[in-house]
Amino acid sequence: MGRTGAESTAAVVGGGPAGLMAAEVLARAGVRVTVHEHMPSVGRKLLLAGRSGLNLTHSEPLEVMIGRYGRAASRLEPALRAFDAAALRAWSADLGEPTFIGTSRRVFPASMRATPLLRAWLRRLDELEVVIETRVRWTGWDHDGSVLMEHADGRTTSVSADVVVFALGGASWPRVGSDGGWVPLFREAGIDVRSLRSANCGLVRGWSADFLEHHGGEPLKNVQLSAGDVRARGDIVITATGLEGGPVYTVSSAVRDEIAGGSPGMLTVNLLPDQSATQVALRLGQRRP
Ligand SMILES: Cc1cc2nc3c(=O)[nH]c(=O)nc-3n(C[C@H](O)[C@H](O)[C@H](O)COP(=O)(O)OP(=O)(O)OC[C@H]3O[C@@H](n4cnc5c(N)ncnc54)[C@H](O)[C@@H]3O)c2cc1C
């Protein structure tokens with residue numbers, strides 16, 4: 001797709017899904033875009049996410065989804081309304097990856113994987129004449145406000161553009177490029193950055209050897225978890241170090257906040273959420289001790 005007229009330029013730093021989406025939107029608006037990525041290829045974390053089934057979005061009503069963002073909800077609401085789950089699904093289908101709604105009401109691409117989606121996305125960006133430059137690491141700002149890029153051969157170049165988009169990701173999984181190295185650079189430049197926190201993670205629990213021997217690796221089906229005001233229901237797994245699974249990830253930020261607030265981080269697991277305590281007592285009473 002060609003562009004006409006005087007062109008604005010954009011430097012997008014970071015080639016994860018956020019950076020690639022920024023590049024697509026800018027290129028469609030007629031801006032000449034270069035994506036600068038310090039790994040040998042873009043979208044590595046997205047590919048990792050696709051290994052366990054790429055959950056693109058959720059089919060729940062938009063109002064409910066907005067509420068999931070907690071304190072950030074009001075800030076993110078305009079973006080979520082402008083590009084909601086239906087728009088994301090249409091975007092994926094347009095890239096040749098139609099989506100389906102799973103039993104958990106979460107939305108996945110038909111292939112479940114990220115590889116075909118990323119491949120088609122990169123083809124589209126190429127058609128939009130987006131330049132992707134890899135093995136260049138953003139290291140700060142030059143005195144004139146342009147951004148400094150360190151190349152694999154040790155050279156540093158200065159890039160100036162009409163707009164610079166930083167899409168540098170978080171700090172989990174540094175081996176896919178998201179190492180959080182941008183935080184001190186921003187702080188040194190006087191930009192206030194809140195400390196990075198895990199948004200979505202498994203929970204660590206010191207199981208006894210005896211418990212692990214009997215239950216390690218076991219799934220807990222259709223349980224209800226609650227922590228703080230957050231509840232989640234579904235299947236979880238007892239791992240060697242704690243608990244994993246969709247509902248665990250949903251409540252993990254509430255547990256994190258409790259720990260940060262000085263509490264022990266209380267997680268309640270209801271193993272039989274559809275039965276009352278009386279019903280459970282009755283059933284247990286009917287069993288052999
Ligand atoms: C195991 C796993 C499973 C997941 N499953 C899902 C899922 O099913 N659904 C879902 O929606 N999300 C999932 N996620 C989360 C998802 O991968 C992230 O939310 C997403 O990748 C964030 O996108 P981003 O573009 O903000 O950041 P990132 O993907 O982290 O991209 C940031 C990019 O910036 C680059 N970069 C960083 N610093 C510099 C620098 N100084 N100079 C140049 N480049 C730099 C990095 O190399 C990276 O390519 C999963 C994550 C993991 C680890």
# chains A, B, ... in the order shown; residues from 1 in each chain; ligands from 1
$ residues_near_ligand --ligand "ligand 1" --cutoff "6 Å" --atoms "only C-alpha atoms and all ligand atoms" --output "PyMOL selection string"
chain A and resi 13-19+36-39+42-43+45-46+48-49+53-56+136-139+167-170+177-178+182
$ write_last_selection --atoms "N, CA, C and O atoms" --output "short mmCIF file (atom, residue, chain, number, x, y, z; two decimals), in the first residue's frame"
data_model
loop_
_atom_site.label_atom_id
_atom_site.label_comp_id
_atom_site.auth_asym_id
_atom_site.auth_seq_id
_atom_site.Cartn_x
_atom_site.Cartn_y
_atom_site.Cartn_z
N VAL A 13 9.69 1.88 19.44
CA VAL A 13 10.76 1.13 20.11
C VAL A 13 10.15 -0.06 20.83
O VAL A 13 9.35 0.11 21.75
N GLY A 14 10.50 -1.25 20.39
CA GLY A 14 9.94 -2.48 20.97
C GLY A 14 8.99 -3.13 19.98
O GLY A 14 8.02 -2.52 19.53
N GLY A 15 9.31 -4.37 19.60
CA GLY A 15 8.51 -5.06 18.59
C GLY A 15 7.65 -6.17 19.16
O GLY A 15 7.54 -7.24 18.59
N GLY A 16 7.02 -5.93 20.29
CA GLY A 16 6.01 -6.85 20.82
C GLY A 16 4.66 -6.51 20.20
O GLY A 16 4.58 -5.64 19.32
N PRO A 17 3.59 -7.16 20.65
CA PRO A 17 2.27 -6.85 20.08
C PRO A 17 1.89 -5.38 20.20
O PRO A 17 1.29 -4.82 19.27
N ALA A 18 2.26 -4.72 21.29
CA ALA A 18 1.90 -3.30 21.45
C ALA A 18 2.60 -2.45 20.39
O ALA A 18 1.98 -1.60 19.75
N GLY A 19 3.90 -2.71 20.21
CA GLY A 19 4.66 -1.94 19.23
C GLY A 19 4.19 -2.22 17.81
O GLY A 19 4.07 -1.29 16.99
N HIS A 36 12.03 -0.52 16.08
CA HIS A 36 13.39 -0.84 16.53
C HIS A 36 13.30 -1.89 17.64
O HIS A 36 12.68 -1.65 18.68
N GLU A 37 13.90 -3.03 17.42
CA GLU A 37 13.78 -4.16 18.35
C GLU A 37 15.17 -4.68 18.68
O GLU A 37 15.98 -4.89 17.78
N HIS A 38 15.43 -4.94 19.97
CA HIS A 38 16.81 -5.33 20.29
C HIS A 38 17.06 -6.83 20.16
O HIS A 38 18.21 -7.26 20.12
N MET A 39 16.01 -7.61 20.04
CA MET A 39 16.22 -9.05 19.82
C MET A 39 16.42 -9.31 18.32
O MET A 39 16.15 -8.46 17.50
N VAL A 42 11.11 -9.96 16.09
CA VAL A 42 10.06 -9.32 16.89
C VAL A 42 9.06 -10.37 17.40
O VAL A 42 9.02 -11.50 16.91
N GLY A 43 8.27 -9.97 18.38
CA GLY A 43 7.13 -10.80 18.82
C GLY A 43 7.49 -12.08 19.55
O GLY A 43 6.73 -13.03 19.55
N LYS A 45 7.79 -12.77 22.75
CA LYS A 45 6.94 -13.11 23.89
C LYS A 45 5.56 -13.55 23.42
O LYS A 45 4.94 -14.44 24.01
N LEU A 46 5.09 -12.94 22.34
CA LEU A 46 3.80 -13.34 21.77
C LEU A 46 3.87 -14.81 21.33
O LEU A 46 2.93 -15.58 21.57
N LEU A 48 5.79 -17.06 22.57
CA LEU A 48 5.83 -17.87 23.80
C LEU A 48 4.41 -18.02 24.35
O LEU A 48 3.99 -19.10 24.77
N ALA A 49 3.66 -16.91 24.31
CA ALA A 49 2.28 -16.94 24.81
C ALA A 49 1.45 -17.94 24.02
O ALA A 49 0.56 -18.60 24.57
N GLY A 53 -1.59 -22.04 24.02
CA GLY A 53 -2.92 -21.66 23.54
C GLY A 53 -3.07 -20.15 23.69
O GLY A 53 -3.17 -19.66 24.82
N LEU A 54 -3.09 -19.46 22.56
CA LEU A 54 -3.10 -17.99 22.62
C LEU A 54 -4.49 -17.46 22.93
O LEU A 54 -5.37 -17.49 22.08
N ASN A 55 -4.65 -16.98 24.14
CA ASN A 55 -5.93 -16.41 24.55
C ASN A 55 -5.95 -14.94 24.13
O ASN A 55 -5.32 -14.10 24.77
N LEU A 56 -6.68 -14.66 23.02
CA LEU A 56 -6.64 -13.31 22.47
C LEU A 56 -7.47 -12.30 23.26
O LEU A 56 -7.07 -11.17 23.45
N VAL A 136 18.84 -3.85 17.55
CA VAL A 136 19.19 -2.49 17.97
C VAL A 136 18.50 -2.20 19.29
O VAL A 136 17.30 -2.40 19.43
N ARG A 137 19.30 -1.77 20.22
CA ARG A 137 18.76 -1.55 21.56
C ARG A 137 18.67 -0.06 21.85
O ARG A 137 19.67 0.67 21.71
N TRP A 138 17.50 0.37 22.24
CA TRP A 138 17.34 1.76 22.66
C TRP A 138 18.05 1.94 23.99
O TRP A 138 17.85 1.17 24.93
N THR A 139 18.91 2.98 24.08
CA THR A 139 19.70 3.15 25.31
C THR A 139 19.50 4.52 25.97
O THR A 139 20.15 4.81 26.97
N ALA A 167 7.25 0.96 23.40
CA ALA A 167 6.40 -0.21 23.66
C ALA A 167 7.32 -1.34 24.12
O ALA A 167 7.52 -2.32 23.43
N LEU A 168 7.89 -1.12 25.30
CA LEU A 168 9.04 -1.93 25.74
C LEU A 168 8.68 -3.13 26.59
O LEU A 168 9.56 -3.88 27.02
N GLY A 169 7.40 -3.32 26.87
CA GLY A 169 6.98 -4.50 27.61
C GLY A 169 7.35 -4.44 29.09
O GLY A 169 7.81 -3.41 29.59
N GLY A 170 7.13 -5.54 29.77
CA GLY A 170 7.40 -5.61 31.21
C GLY A 170 8.77 -6.19 31.48
O GLY A 170 9.69 -6.02 30.68
N GLY A 177 13.32 -10.91 25.52
CA GLY A 177 13.59 -9.50 25.23
C GLY A 177 13.00 -8.53 26.22
O GLY A 177 13.48 -7.41 26.37
N SER A 178 11.94 -8.93 26.92
CA SER A 178 11.28 -8.00 27.83
C SER A 178 12.02 -8.04 29.18
O SER A 178 11.68 -8.83 30.03
N TRP A 182 14.36 -0.60 30.48
CA TRP A 182 13.97 0.78 30.18
C TRP A 182 13.63 1.57 31.45
O TRP A 182 13.69 2.80 31.45
#
$ select_by_dssp --residues "stretch 9-211 of chain A" --states "alpha helix (DSSP H)" --output "PyMOL selection string"
chain A and resi 17-28+44-51+62-67+73-82+85-94+115-127+182-188+209-211
$ closest_residue --among "A:Ala85, A:Val223, A:Leu284, A:Gly228" --to "A:Ser263" --atoms "only C-alpha atoms"
A:Gly228
$ atom_distance --atom1 "atom CA of A:Leu117" --atom2 "atom CA of A:Ile101"
17.0 Å
$ residues_around --residues "A:Ala79" --least-positions-apart "6" --cutoff "12 Å" --atoms "only C-alpha atoms" --output "list in words"
Leu62, Ile66, Ala72, Ala73, Ala85, Ala87 and Leu88 of chain A
$ closest_residue --among "A:Arg75, A:Arg197, A:His143, A:Arg256" --to "A:Ser160" --atoms "only C-alpha atoms"
A:His143
$ select_by_dssp --residues "stretch 152-227 of chain A" --states "strand (DSSP E or B)" --output "list in words"
Thr156, Thr157, Ser158, Val159, Val163, Val164, Val165, Phe166, Leu203, Val204, Pro219, Leu220, Lys221, Asn222, Val223, Gln224, Leu225, Ser226 and Ala227 of chain A
$ residues_around --residues "A:Val107" --least-positions-apart "2" --cutoff "8 Å" --atoms "only C-alpha atoms" --output "PyMOL selection string"
chain A and resi 55-59+99-102+105+109
$ residues_around --residues "A:Glu97" --least-positions-apart "4" --cutoff "9 Å" --atoms "only C-alpha atoms" --output "VMD selection string"
chain A and resid 89 91 to 93 109 to 111 116 to 117 120
